[in-house]
Amino acid sequence: MTVEAARTPGTLQRVLIYAVLLLAALFFLMPLAAMVFTSLKTMPEITGAAGFESNTILTPPQAPSTEAWGTAWQSACIAVACEGLRGYFWNSIVMVVFAVFFSVMFGAINGYVLAKWRFRGDNIIFGMLLFGCFIPFQIVLIPMARLLGFLDMAGTLHGLIFVHLCYGIPFTTLFFRNFYVTIPDELISAGRIDGAGFWSIFFLILMPISLPIFVVAIIWQFTNVWNDFLFGASFAGADARPLMVALNNLVNTSTGTKAYNVDMAGAMIAALPTILVYVVGGRYFVRGLTSGAVKG
Amino acid sequence: MRTLRRYLPQLTLLPSLILVAVTVYGFIALTVVLSLTRSKMLPRFDRWEGFSNYAKVWNHPRWEVAMENFAIFGVLYIGGTMLIGLMLAILIDQRVRAEGALRTIYLYPMALSFIVTGVAWQWIMAPDLGLERAFQIWGWESFRFDWIKQSDMAIYCVVIAGVWQASGFVMALFLAALRGINPEILSAARMDGASAPRIYWHVIIPALRPAFLTAIVVQGHLAIKSYDLVVALTRGGPGYSTELPSTFMYEFTFSRNEMALGASSAVMMLILVTVLIVPYLYSELRNDR
């Protein structure tokens with residue numbers, strides 16, 4: 001807004017505003033700083049051993065070392081295997097690629113139909129789909145475990161991809177439907193007069209202008225699937241565990257002294273892909289978040 | 001062939017509809033049925049227990065703790081994110097420099113997994129090496145911050161981490177709403193000689209009503225579903241002092257082989273979400289187009 005009325009702050013007020021905003025920025029950045037710093041330290045520095053007495057969680061590393069990153073990546077022990085996070089990282093990548101691709105494709109077509117091929121009861125169907133965005137997934141865990149067993153996908157990456165597809169469709173449908181509703185119907189009827197059918201309207205007329213919403217949906221799904229823990233913990237067997245489950249195991253089952261630097265390096269490895277996506281596509285990320293609140 | 005073409009749009013919806021019908025609505029129905037049986041480790045549909053499972057869950061000391069924590073967490077998480085989010089949105093809307101950078105900083109936690117957030121805050125709140133030690137070294141020697149180890153305070157650690165993660169999202173919602181306010185209303189208020197705080201209090205904040213509603217509904221349902229954060233931050237502990245409905249469900253279903261009780265607790269979670277969501281969806285869709 002441009003509210004001249006409500007915003008003619010004086011100098012003192014300006015200073016106060018910036019002070020509060022800066023303080024808030026420090027609060028939000030502090031955990032990231034603590035993670036990065038700790039991941040680059042050695043254990044004596046972290047525990048404040050001799051020579052590092054004045055070290056705190058927020059002191060930058062005196063002699064930055066990437067050793068903990070190496071350990072977290074390839075040799076940290078998670079359950080019985082001491083091969084680091086790399087295998088789980090790969091699991092997450094595969095899971096994300098397929099889950100995102102299919103859920104976005106289904107969502108695009110669903111959204112297209114619900115917005116441009118209205119039929120009786122379509123709003124009810126949309127509402128029922130939407131409800132799927134909000135359910136607590138605890139309500140589906142037990143039957144889904146059975147279904148995956150029945151489909152012979154228990155414990156596998158395929159099974160996990162299937163689960164993310166099922167519960168991703170409501171979100172992607174929402175995004176595309178709300179986007180296509182804003183496209184003038186004339187565009188569709190003009191296409192029909194020119195003889196375009198259901199599919200050619202979608203691929204030739206709508207697809208070319210849908211890039212922004214594809215980016216929104218892809219970022220949303222990528223972030224959600226990558227960050228998921230509940231489904232991974234419930235359905236993935238030892239070979240199919242996604243990164244978040246492995247990270248949680250790494251941090252919470254370590255025996256002996258806790259290697260905080262390795263824990264933090266692991267957390268950073270798990271966080272970097274989504275942070276990267278956020279930094280590159282921030283605008284679309286925000287759009288997904290705010291339109292995830294039902295209305296586009 | 002002609003009928004096929006005529007119903008093509010509906011047909012393309014069909015695969016998704018079947019998937020959702022089965023994996024959302026079918027599964028909800030199955031879980032409800034399970035909650036009425038005596039299933040332990042495996043689902044069994046031959047021995048019925050009826051609603052007494054719900055009574056068992058409701059009277060279970062762990063569920064009591066879970067509900068109490070849910071109330072504390074729900075109120076403080078929603079309240080905290082709204083307060084910080086609204087404040088940041090209003091301040092950022094004062095034509096400040098580096099708005100983009102500030103917004104990016106406030107919102108980046110939303111890109112993180114709750115597991116990462118939990119791991120980071122577990123480290124920050126670790127009494128021996130985390131913030132407590134930092135403040136002591138900086139000169140405040142009597143500083144104590146060991147909530148995460150205290151059963152009556154640990155839930156507030158979950159609140160802090162949750163508020164840290166989600167305040168930026170609420171800020172984004174409010175900021176979008178602020179920028180959507182009709183400037184004419186504001187200049188009218190200005191003409192009437194209203195002061196800035198009065199304009200905020202009487203004109204702007206009331207105009208943010210839809211954003212408030214959205215924020216409450218979204219944050220509320222997230223509070224009910226919260227699971228990962230507690231697992232990574234406190235493992236539900238010390239003891240079971242940070243138990244939430246979600247951790248109760250997981251514990252009883254998968255660790256204790258009390259599937260029927262787990263299903264009952266899941267149904268109660270669903271009821272909570274439904275009470276919150278259905279009126280909201282109904283009003284949103286009814287006003288649509």
# chains A, B, ... in the order shown; residues from 1 in each chain; ligands from 1

$ residues_around --residues "A:Ser75" --least-positions-apart "2" --cutoff "12 Å" --atoms "only C-alpha atoms" --output "PyMOL selection string"
chain A and resi 67-73+77-78+80-87+250+262+266

$ residues_around --residues "B:Leu91" --least-positions-apart "2" --cutoff "9 Å" --atoms "only C-alpha atoms" --output "list of chain:residue names"
A:Ile17, A:Tyr18, A:Val20, A:Leu21, B:Leu86, B:Met87, B:Leu88, B:Ala89, B:Asp93, B:Gln94, B:Arg95, B:Val96

$ closest_atom_pairs --of "chain B" --to "chain A" --cutoff "7 Å" --atoms "only C-alpha atoms" --output "Markdown table"
| residue | atom | partner | partner_atom | distance |
| --- | --- | --- | --- | --- |
| B:Pro9 | CA | A:Val113 | CA | 5.8 |
| B:Leu13 | CA | A:Asn110 | CA | 5.7 |
| B:Leu19 | CA | A:Cys166 | CA | 6.3 |
| B:Val20 | CA | A:Cys166 | CA | 6.4 |
| B:Thr23 | CA | A:Cys166 | CA | 6.9 |
| B:Val24 | CA | A:Gly132 | CA | 6.4 |
| B:Phe27 | CA | A:Val140 | CA | 5.4 |
| B:Ile28 | CA | A:Ile139 | CA | 5.9 |
| B:Leu30 | CA | A:Pro143 | CA | 6.8 |
| B:Thr31 | CA | A:Ile139 | CA | 6.4 |
| B:Leu91 | CA | A:Ile17 | CA | 6.2 |
| B:Gln94 | CA | A:Arg7 | CA | 6.0 |
| B:Leu102 | CA | A:Ala25 | CA | 6.8 |
| B:Ile105 | CA | A:Ala25 | CA | 6.3 |
| B:Tyr106 | CA | A:Phe28 | CA | 6.1 |
| B:Ala111 | CA | A:Thr274 | CA | 5.8 |
| B:Leu112 | CA | A:Ala271 | CA | 5.9 |
| B:Ser113 | CA | A:Asn227 | CA | 4.5 |
| B:Ile115 | CA | A:Met244 | CA | 6.6 |
| B:Val116 | CA | A:Ala267 | CA | 5.5 |
| B:Ala120 | CA | A:Pro31 | CA | 6.3 |
| B:Trp121 | CA | A:Pro31 | CA | 7.0 |
| B:Leu129 | CA | A:Thr47 | CA | 6.7 |
| B:Gly130 | CA | A:Ile57 | CA | 5.6 |
| B:Leu131 | CA | A:Ile57 | CA | 6.7 |
| B:Arg133 | CA | A:Thr56 | CA | 6.7 |
| B:Ala134 | CA | A:Thr56 | CA | 4.8 |
| B:Ile137 | CA | A:Ser54 | CA | 6.4 |
| B:Trp164 | CA | A:Phe28 | CA | 6.7 |
| B:Leu173 | CA | A:Thr290 | CA | 6.1 |
| B:Leu178 | CA | A:Met1 | CA | 6.2 |
| B:Arg179 | CA | A:Met1 | CA | 3.9 |
| B:Gly180 | CA | A:Met1 | CA | 6.3 |
| B:Ile181 | CA | A:Met1 | CA | 6.4 |
| B:Pro183 | CA | A:Val3 | CA | 6.2 |
| B:Leu186 | CA | A:Ala5 | CA | 6.3 |
| B:Ser187 | CA | A:Ala5 | CA | 5.8 |
| B:Arg190 | CA | A:Ala5 | CA | 5.2 |
| B:Ala196 | CA | A:Ala6 | CA | 4.5 |
| B:Ile199 | CA | A:Ala6 | CA | 6.4 |
| B:Thr214 | CA | A:Ala293 | CA | 6.5 |
| B:Val218 | CA | A:Ala293 | CA | 6.9 |
| B:His221 | CA | A:Phe134 | CA | 7.0 |
| B:Lys225 | CA | A:Pro136 | CA | 5.4 |
| B:Asp228 | CA | A:Phe229 | CA | 6.3 |
| B:Ala232 | CA | A:Asn248 | CA | 6.3 |
| B:Ser246 | CA | A:Gln138 | CA | 6.9 |
| B:Ala266 | CA | A:Ile139 | CA | 5.0 |
| B:Val267 | CA | A:Ile139 | CA | 6.3 |
| B:Met269 | CA | A:Pro136 | CA | 6.8 |
| B:Leu270 | CA | A:Pro136 | CA | 6.1 |
| B:Val273 | CA | A:Ile135 | CA | 6.8 |

$ write_last_selection --atoms "N, CA and C atoms" --output "short mmCIF file (atom, residue, chain, number, x, y, z; two decimals), in the first residue's frame"
data_model
loop_
_atom_site.label_atom_id
_atom_site.label_comp_id
_atom_site.auth_asym_id
_atom_site.auth_seq_id
_atom_site.Cartn_x
_atom_site.Cartn_y
_atom_site.Cartn_z
N PRO B 9 -13.21 -34.55 -20.14
CA PRO B 9 -12.70 -33.79 -18.98
C PRO B 9 -12.91 -34.53 -17.67
N LEU B 13 -10.13 -36.47 -14.86
CA LEU B 13 -10.10 -36.25 -13.40
C LEU B 13 -10.11 -37.57 -12.63
N LEU B 19 -7.75 -41.97 -6.54
CA LEU B 19 -6.65 -41.96 -5.58
C LEU B 19 -7.06 -41.26 -4.28
N VAL B 20 -7.63 -40.06 -4.44
CA VAL B 20 -7.99 -39.29 -3.25
C VAL B 20 -9.16 -39.94 -2.51
N THR B 23 -7.39 -42.95 -0.75
CA THR B 23 -6.32 -42.70 0.23
C THR B 23 -6.65 -41.59 1.21
N VAL B 24 -7.65 -40.79 0.93
CA VAL B 24 -8.07 -39.82 1.94
C VAL B 24 -9.35 -40.33 2.61
N PHE B 27 -9.45 -44.18 3.61
CA PHE B 27 -8.54 -44.44 4.74
C PHE B 27 -9.08 -43.84 6.04
N ILE B 28 -9.72 -42.69 5.91
CA ILE B 28 -10.33 -42.11 7.11
C ILE B 28 -11.39 -43.07 7.65
N LEU B 30 -11.58 -46.28 7.19
CA LEU B 30 -10.93 -47.47 7.75
C LEU B 30 -10.38 -47.20 9.15
N THR B 31 -9.77 -46.03 9.31
CA THR B 31 -9.20 -45.72 10.63
C THR B 31 -10.30 -45.58 11.67
N LEU B 91 5.90 -2.96 10.35
CA LEU B 91 7.16 -2.21 10.32
C LEU B 91 7.78 -2.22 8.93
N GLN B 94 6.66 0.31 6.33
CA GLN B 94 6.93 1.74 6.51
C GLN B 94 7.98 2.26 5.53
N LEU B 102 15.30 -8.07 4.13
CA LEU B 102 14.68 -8.36 5.42
C LEU B 102 13.61 -9.45 5.27
N ILE B 105 15.13 -12.79 4.94
CA ILE B 105 15.66 -13.30 6.20
C ILE B 105 14.53 -13.80 7.10
N TYR B 106 13.43 -13.06 7.16
CA TYR B 106 12.35 -13.47 8.05
C TYR B 106 11.66 -14.75 7.58
N ALA B 111 11.47 -22.49 4.62
CA ALA B 111 12.00 -23.41 3.61
C ALA B 111 12.66 -24.61 4.27
N LEU B 112 12.88 -24.52 5.58
CA LEU B 112 13.58 -25.61 6.26
C LEU B 112 12.60 -26.68 6.71
N SER B 113 13.15 -27.88 6.84
CA SER B 113 12.36 -28.97 7.41
C SER B 113 12.27 -28.77 8.92
N ILE B 115 12.62 -30.97 10.94
CA ILE B 115 13.70 -31.77 11.51
C ILE B 115 14.96 -30.91 11.65
N VAL B 116 15.27 -30.16 10.60
CA VAL B 116 16.44 -29.28 10.66
C VAL B 116 16.25 -28.24 11.76
N ALA B 120 18.67 -27.88 15.00
CA ALA B 120 19.38 -26.63 15.28
C ALA B 120 19.03 -26.10 16.67
N TRP B 121 17.73 -26.07 16.98
CA TRP B 121 17.34 -25.50 18.27
C TRP B 121 17.71 -26.41 19.44
N LEU B 129 26.33 -26.29 26.44
CA LEU B 129 27.15 -25.70 25.38
C LEU B 129 26.44 -24.63 24.54
N GLY B 130 25.15 -24.51 24.70
CA GLY B 130 24.42 -23.62 23.80
C GLY B 130 24.37 -22.18 24.27
N LEU B 131 23.20 -21.57 24.14
CA LEU B 131 23.03 -20.16 24.50
C LEU B 131 23.38 -19.90 25.97
N ARG B 133 25.65 -21.19 27.87
CA ARG B 133 27.09 -21.00 28.00
C ARG B 133 27.52 -19.69 27.34
N ALA B 134 26.92 -19.39 26.20
CA ALA B 134 27.30 -18.16 25.50
C ALA B 134 27.05 -16.94 26.39
N ILE B 137 29.59 -16.73 29.20
CA ILE B 137 30.91 -16.26 28.77
C ILE B 137 30.88 -14.77 28.44
N TRP B 164 9.72 -19.38 15.75
CA TRP B 164 10.85 -18.97 14.92
C TRP B 164 10.62 -19.41 13.47
N LEU B 173 1.73 -13.19 4.86
CA LEU B 173 0.27 -13.09 4.70
C LEU B 173 -0.22 -11.68 5.00
N LEU B 178 -1.84 -6.02 3.74
CA LEU B 178 -1.61 -4.58 3.94
C LEU B 178 -1.53 -3.86 2.60
N ARG B 179 -0.82 -4.50 1.67
CA ARG B 179 -0.62 -3.84 0.39
C ARG B 179 -1.87 -3.90 -0.46
N GLY B 180 -2.85 -4.68 -0.03
CA GLY B 180 -4.09 -4.77 -0.80
C GLY B 180 -5.16 -3.82 -0.28
N ILE B 181 -4.85 -3.08 0.79
CA ILE B 181 -5.86 -2.16 1.33
C ILE B 181 -6.04 -0.98 0.39
N PRO B 183 -6.15 2.46 -0.87
CA PRO B 183 -5.51 3.68 -0.38
C PRO B 183 -6.52 4.80 -0.11
N LEU B 186 -7.70 5.06 3.33
CA LEU B 186 -6.69 5.59 4.24
C LEU B 186 -6.56 7.10 4.12
N SER B 187 -6.63 7.59 2.88
CA SER B 187 -6.50 9.05 2.77
C SER B 187 -7.75 9.71 3.35
N ARG B 190 -7.13 9.94 6.89
CA ARG B 190 -6.13 10.97 7.10
C ARG B 190 -6.76 12.37 7.08
N ALA B 196 -1.70 8.33 13.15
CA ALA B 196 -1.26 7.06 12.58
C ALA B 196 -1.67 5.85 13.43
N ILE B 199 -5.28 5.21 12.99
CA ILE B 199 -5.60 4.65 11.67
C ILE B 199 -5.29 3.16 11.67
N THR B 214 -7.23 -16.43 7.86
CA THR B 214 -6.38 -17.39 7.16
C THR B 214 -5.22 -17.83 8.06
N VAL B 218 -4.62 -21.68 9.14
CA VAL B 218 -3.43 -22.41 8.67
C VAL B 218 -2.52 -22.78 9.85
N HIS B 221 -4.17 -25.54 12.10
CA HIS B 221 -4.10 -26.93 11.64
C HIS B 221 -2.67 -27.44 11.67
N LYS B 225 -1.23 -30.78 13.68
CA LYS B 225 -0.45 -31.81 12.99
C LYS B 225 0.99 -31.91 13.48
N ASP B 228 7.01 -33.60 13.59
CA ASP B 228 8.45 -33.66 13.32
C ASP B 228 9.24 -32.79 14.29
N ALA B 232 12.30 -34.14 16.64
CA ALA B 232 13.70 -33.74 16.47
C ALA B 232 14.20 -32.92 17.65
N SER B 246 -0.01 -36.07 18.11
CA SER B 246 0.64 -36.80 17.03
C SER B 246 1.67 -37.80 17.54
N ALA B 266 -5.95 -40.76 16.41
CA ALA B 266 -5.89 -40.13 15.08
C ALA B 266 -7.25 -39.54 14.72
N VAL B 267 -8.32 -40.28 15.04
CA VAL B 267 -9.66 -39.77 14.73
C VAL B 267 -9.92 -38.49 15.51
N MET B 269 -7.72 -36.33 16.41
CA MET B 269 -6.97 -35.26 15.74
C MET B 269 -7.73 -34.76 14.51
N LEU B 270 -8.28 -35.72 13.76
CA LEU B 270 -9.04 -35.34 12.57
C LEU B 270 -10.24 -34.48 12.93
N VAL B 273 -9.12 -30.97 13.49
CA VAL B 273 -8.84 -30.27 12.24
C VAL B 273 -10.15 -29.94 11.51
#

$ select_by_dssp --residues "stretch 31-192 of chain A" --states "helix (DSSP H, G or I)" --output "PyMOL selection string"
chain A and resi 31-39+43-47+67-75+86-116+122-134+138-150+157-181+185-192

$ write_last_selection --atoms "C-alpha atoms" --output "CSV table (one decimal), in the first residue's frame"
chain,number,residue,atom,x,y,z
A,31,PRO,CA,20.2,-20.5,14.4
A,32,LEU,CA,21.7,-20.5,10.9
A,33,ALA,CA,24.8,-18.9,12.2
A,34,ALA,CA,25.1,-21.3,15.0
A,35,MET,CA,24.6,-24.2,12.6
A,36,VAL,CA,27.2,-23.0,10.1
A,37,PHE,CA,29.8,-22.0,12.7
A,38,THR,CA,29.5,-25.3,14.6
A,39,SER,CA,29.7,-27.4,11.5
A,43,MET,CA,35.1,-30.8,18.8
A,44,PRO,CA,37.7,-29.2,21.3
A,45,GLU,CA,36.6,-25.8,20.0
A,46,ILE,CA,33.0,-26.6,20.5
A,47,THR,CA,33.3,-27.9,24.0
A,67,GLU,CA,36.1,-32.3,8.3
A,68,ALA,CA,32.7,-32.5,9.9
A,69,TRP,CA,31.0,-32.0,6.6
A,70,GLY,CA,33.1,-34.9,5.1
A,71,THR,CA,32.2,-37.1,8.1
A,72,ALA,CA,28.5,-36.3,7.8
A,73,TRP,CA,28.5,-36.9,4.1
A,74,GLN,CA,30.4,-40.2,3.9
A,75,SER,CA,31.4,-41.8,7.2
A,86,ARG,CA,25.1,-39.5,1.0
A,87,GLY,CA,23.0,-42.6,0.2
A,88,TYR,CA,20.0,-41.1,1.9
A,89,PHE,CA,20.6,-37.8,0.0
A,90,TRP,CA,20.3,-39.8,-3.2
A,91,ASN,CA,17.1,-41.5,-1.9
A,92,SER,CA,15.6,-38.1,-1.3
A,93,ILE,CA,16.6,-36.8,-4.7
A,94,VAL,CA,15.0,-39.8,-6.5
A,95,MET,CA,11.9,-39.5,-4.3
A,96,VAL,CA,11.5,-35.8,-4.9
A,97,VAL,CA,12.0,-36.0,-8.7
A,98,PHE,CA,9.3,-38.6,-9.3
A,99,ALA,CA,6.9,-37.4,-6.6
A,100,VAL,CA,7.1,-33.8,-7.9
A,101,PHE,CA,6.8,-34.7,-11.5
A,102,PHE,CA,3.7,-36.8,-11.2
A,103,SER,CA,1.9,-34.7,-8.6
A,104,VAL,CA,2.4,-31.6,-10.7
A,105,MET,CA,1.3,-33.2,-13.9
A,106,PHE,CA,-1.9,-34.6,-12.3
A,107,GLY,CA,-2.5,-31.3,-10.6
A,108,ALA,CA,-2.2,-29.3,-13.8
A,109,ILE,CA,-4.7,-31.4,-15.6
A,110,ASN,CA,-7.1,-31.5,-12.6
A,111,GLY,CA,-6.9,-27.7,-12.2
A,112,TYR,CA,-7.5,-27.2,-15.9
A,113,VAL,CA,-10.7,-29.4,-15.8
A,114,LEU,CA,-12.0,-27.9,-12.6
A,115,ALA,CA,-11.5,-24.3,-13.9
A,116,LYS,CA,-12.3,-24.5,-17.5
A,122,ASP,CA,-17.3,-29.7,-9.7
A,123,ASN,CA,-17.1,-27.3,-6.7
A,124,ILE,CA,-18.0,-30.1,-4.4
A,125,ILE,CA,-15.3,-32.2,-5.9
A,126,PHE,CA,-12.8,-29.4,-5.5
A,127,GLY,CA,-13.8,-28.9,-1.9
A,128,MET,CA,-13.3,-32.6,-1.2
A,129,LEU,CA,-9.9,-32.5,-2.8
A,130,LEU,CA,-9.0,-29.4,-0.8
A,131,PHE,CA,-9.9,-31.1,2.5
A,132,GLY,CA,-7.1,-33.5,1.6
A,133,CYS,CA,-4.6,-30.7,2.1
A,134,PHE,CA,-5.5,-30.3,5.7
A,138,GLN,CA,-1.9,-39.7,11.3
A,139,ILE,CA,-5.4,-40.6,10.1
A,140,VAL,CA,-4.1,-42.4,7.0
A,141,LEU,CA,-0.9,-44.0,8.4
A,142,ILE,CA,-2.3,-47.4,9.3
A,143,PRO,CA,-4.4,-48.1,6.2
A,144,MET,CA,-1.6,-46.8,4.0
A,145,ALA,CA,0.9,-49.2,5.5
A,146,ARG,CA,-1.6,-52.0,4.7
A,147,LEU,CA,-2.1,-50.8,1.1
A,148,LEU,CA,1.6,-50.5,0.5
A,149,GLY,CA,2.0,-54.0,1.7
A,150,PHE,CA,-0.8,-55.2,-0.5
A,157,LEU,CA,11.1,-45.8,-2.5
A,158,HIS,CA,8.3,-46.6,-5.0
A,159,GLY,CA,5.9,-46.8,-2.1
A,160,LEU,CA,7.1,-43.5,-0.7
A,161,ILE,CA,6.7,-41.8,-4.1
A,162,PHE,CA,3.2,-43.2,-4.3
A,163,VAL,CA,2.3,-41.8,-0.9
A,164,HIS,CA,3.7,-38.3,-1.8
A,165,LEU,CA,1.7,-38.4,-5.0
A,166,CYS,CA,-1.5,-39.2,-3.3
A,167,TYR,CA,-1.2,-36.4,-0.7
A,168,GLY,CA,0.4,-33.9,-3.1
A,169,ILE,CA,-2.4,-33.9,-5.7
A,170,PRO,CA,-4.8,-31.9,-3.5
A,171,PHE,CA,-2.2,-29.1,-3.3
A,172,THR,CA,-1.1,-29.1,-6.9
A,173,THR,CA,-4.8,-29.2,-8.0
A,174,LEU,CA,-5.5,-26.2,-5.8
A,175,PHE,CA,-2.6,-24.2,-7.3
A,176,PHE,CA,-3.5,-24.9,-10.9
A,177,ARG,CA,-7.2,-24.5,-10.5
A,178,ASN,CA,-6.9,-21.1,-8.8
A,179,PHE,CA,-4.5,-20.0,-11.6
A,180,TYR,CA,-6.6,-21.2,-14.5
A,181,VAL,CA,-9.7,-19.6,-13.0
A,185,ASP,CA,-12.8,-18.1,-20.7
A,186,GLU,CA,-12.7,-16.3,-24.1
A,187,LEU,CA,-9.3,-17.8,-24.7
A,188,ILE,CA,-10.8,-21.2,-24.4
A,189,SER,CA,-13.8,-20.6,-26.5
A,190,ALA,CA,-11.7,-18.9,-29.2
A,191,GLY,CA,-9.6,-22.1,-29.2
A,192,ARG,CA,-12.7,-24.2,-29.5

$ residues_around --residues "A:Thr156" --least-positions-apart "6" --cutoff "9 Å" --atoms "only C-alpha atoms" --output "VMD selection string"
chain A and resid 148 235 to 241

$ residues_around --residues "B:Val75" --least-positions-apart "5" --cutoff "10 Å" --atoms "only C-alpha atoms" --output "list in words"
Asn69, Phe70, Gly80, Val159, Gly220 and Ala223 of chain B

$ residues_around --residues "B:Arg38" --least-positions-apart "5" --cutoff "12 Å" --atoms "only C-alpha atoms" --output "PyMOL selection string"
chain B and resi 33+43-54+257-264

$ atom_distance --atom1 "atom CA of B:Asp192" --atom2 "atom CA of A:Thr11"
24.4 Å

$ decode --residues "stretch 188-202 of chain B" --atoms "N, CA, C and O atoms" --output "PDB file, in the first residue's frame"
ATOM      1  N   ALA B 188      -8.881   9.026   3.258  1.00  0.00           N
ATOM      2  CA  ALA B 188     -10.091   9.570   3.883  1.00  0.00           C
ATOM      3  C   ALA B 188      -9.881   9.687   5.390  1.00  0.00           C
ATOM      4  O   ALA B 188     -10.181  10.722   5.996  1.00  0.00           O
ATOM      5  N   ALA B 189      -9.331   8.632   5.980  1.00  0.00           N
ATOM      6  CA  ALA B 189      -9.079   8.656   7.420  1.00  0.00           C
ATOM      7  C   ALA B 189      -8.105   9.765   7.770  1.00  0.00           C
ATOM      8  O   ALA B 189      -8.238  10.456   8.778  1.00  0.00           O
ATOM      9  N   ARG B 190      -7.135   9.942   6.888  1.00  0.00           N
ATOM     10  CA  ARG B 190      -6.125  10.972   7.096  1.00  0.00           C
ATOM     11  C   ARG B 190      -6.762  12.368   7.077  1.00  0.00           C
ATOM     12  O   ARG B 190      -6.471  13.220   7.910  1.00  0.00           O
ATOM     13  N   MET B 191      -7.672  12.521   6.098  1.00  0.00           N
ATOM     14  CA  MET B 191      -8.368  13.803   5.972  1.00  0.00           C
ATOM     15  C   MET B 191      -9.106  14.142   7.254  1.00  0.00           C
ATOM     16  O   MET B 191      -9.178  15.290   7.671  1.00  0.00           O
ATOM     17  N   ASP B 192      -9.706  13.088   7.852  1.00  0.00           N
ATOM     18  CA  ASP B 192     -10.461  13.321   9.078  1.00  0.00           C
ATOM     19  C   ASP B 192      -9.557  13.657  10.243  1.00  0.00           C
ATOM     20  O   ASP B 192     -10.021  13.860  11.357  1.00  0.00           O
ATOM     21  N   GLY B 193      -8.255  13.653  10.006  1.00  0.00           N
ATOM     22  CA  GLY B 193      -7.323  14.066  11.031  1.00  0.00           C
ATOM     23  C   GLY B 193      -6.958  12.980  12.026  1.00  0.00           C
ATOM     24  O   GLY B 193      -6.452  13.262  13.107  1.00  0.00           O
ATOM     25  N   ALA B 194      -7.188  11.718  11.639  1.00  0.00           N
ATOM     26  CA  ALA B 194      -6.843  10.625  12.555  1.00  0.00           C
ATOM     27  C   ALA B 194      -5.323  10.450  12.608  1.00  0.00           C
ATOM     28  O   ALA B 194      -4.635  10.617  11.609  1.00  0.00           O
ATOM     29  N   SER B 195      -4.821  10.125  13.800  1.00  0.00           N
ATOM     30  CA  SER B 195      -3.381   9.924  13.948  1.00  0.00           C
ATOM     31  C   SER B 195      -3.004   8.535  13.428  1.00  0.00           C
ATOM     32  O   SER B 195      -3.859   7.663  13.281  1.00  0.00           O
ATOM     33  N   ALA B 196      -1.704   8.328  13.150  1.00  0.00           N
ATOM     34  CA  ALA B 196      -1.261   7.056  12.578  1.00  0.00           C
ATOM     35  C   ALA B 196      -1.669   5.854  13.434  1.00  0.00           C
ATOM     36  O   ALA B 196      -2.222   4.892  12.906  1.00  0.00           O
ATOM     37  N   PRO B 197      -1.417   5.892  14.766  1.00  0.00           N
ATOM     38  CA  PRO B 197      -1.825   4.721  15.564  1.00  0.00           C
ATOM     39  C   PRO B 197      -3.324   4.473  15.479  1.00  0.00           C
ATOM     40  O   PRO B 197      -3.761   3.332  15.403  1.00  0.00           O
ATOM     41  N   ARG B 198      -4.104   5.564  15.466  1.00  0.00           N
ATOM     42  CA  ARG B 198      -5.556   5.390  15.380  1.00  0.00           C
ATOM     43  C   ARG B 198      -5.954   4.782  14.041  1.00  0.00           C
ATOM     44  O   ARG B 198      -6.852   3.956  13.965  1.00  0.00           O
ATOM     45  N   ILE B 199      -5.280   5.212  12.989  1.00  0.00           N
ATOM     46  CA  ILE B 199      -5.596   4.655  11.674  1.00  0.00           C
ATOM     47  C   ILE B 199      -5.294   3.159  11.666  1.00  0.00           C
ATOM     48  O   ILE B 199      -6.089   2.342  11.192  1.00  0.00           O
ATOM     49  N   TYR B 200      -4.133   2.810  12.245  1.00  0.00           N
ATOM     50  CA  TYR B 200      -3.803   1.383  12.297  1.00  0.00           C
ATOM     51  C   TYR B 200      -4.846   0.621  13.088  1.00  0.00           C
ATOM     52  O   TYR B 200      -5.332  -0.426  12.676  1.00  0.00           O
ATOM     53  N   TRP B 201      -5.181   1.152  14.239  1.00  0.00           N
ATOM     54  CA  TRP B 201      -6.054   0.413  15.139  1.00  0.00           C
ATOM     55  C   TRP B 201      -7.483   0.321  14.610  1.00  0.00           C
ATOM     56  O   TRP B 201      -8.122  -0.716  14.700  1.00  0.00           O
ATOM     57  N   HIS B 202      -7.980   1.424  14.021  1.00  0.00           N
ATOM     58  CA  HIS B 202      -9.398   1.464  13.657  1.00  0.00           C
ATOM     59  C   HIS B 202      -9.672   1.168  12.193  1.00  0.00           C
ATOM     60  O   HIS B 202     -10.779   0.820  11.836  1.00  0.00           O
TER      61      HIS B 202
END
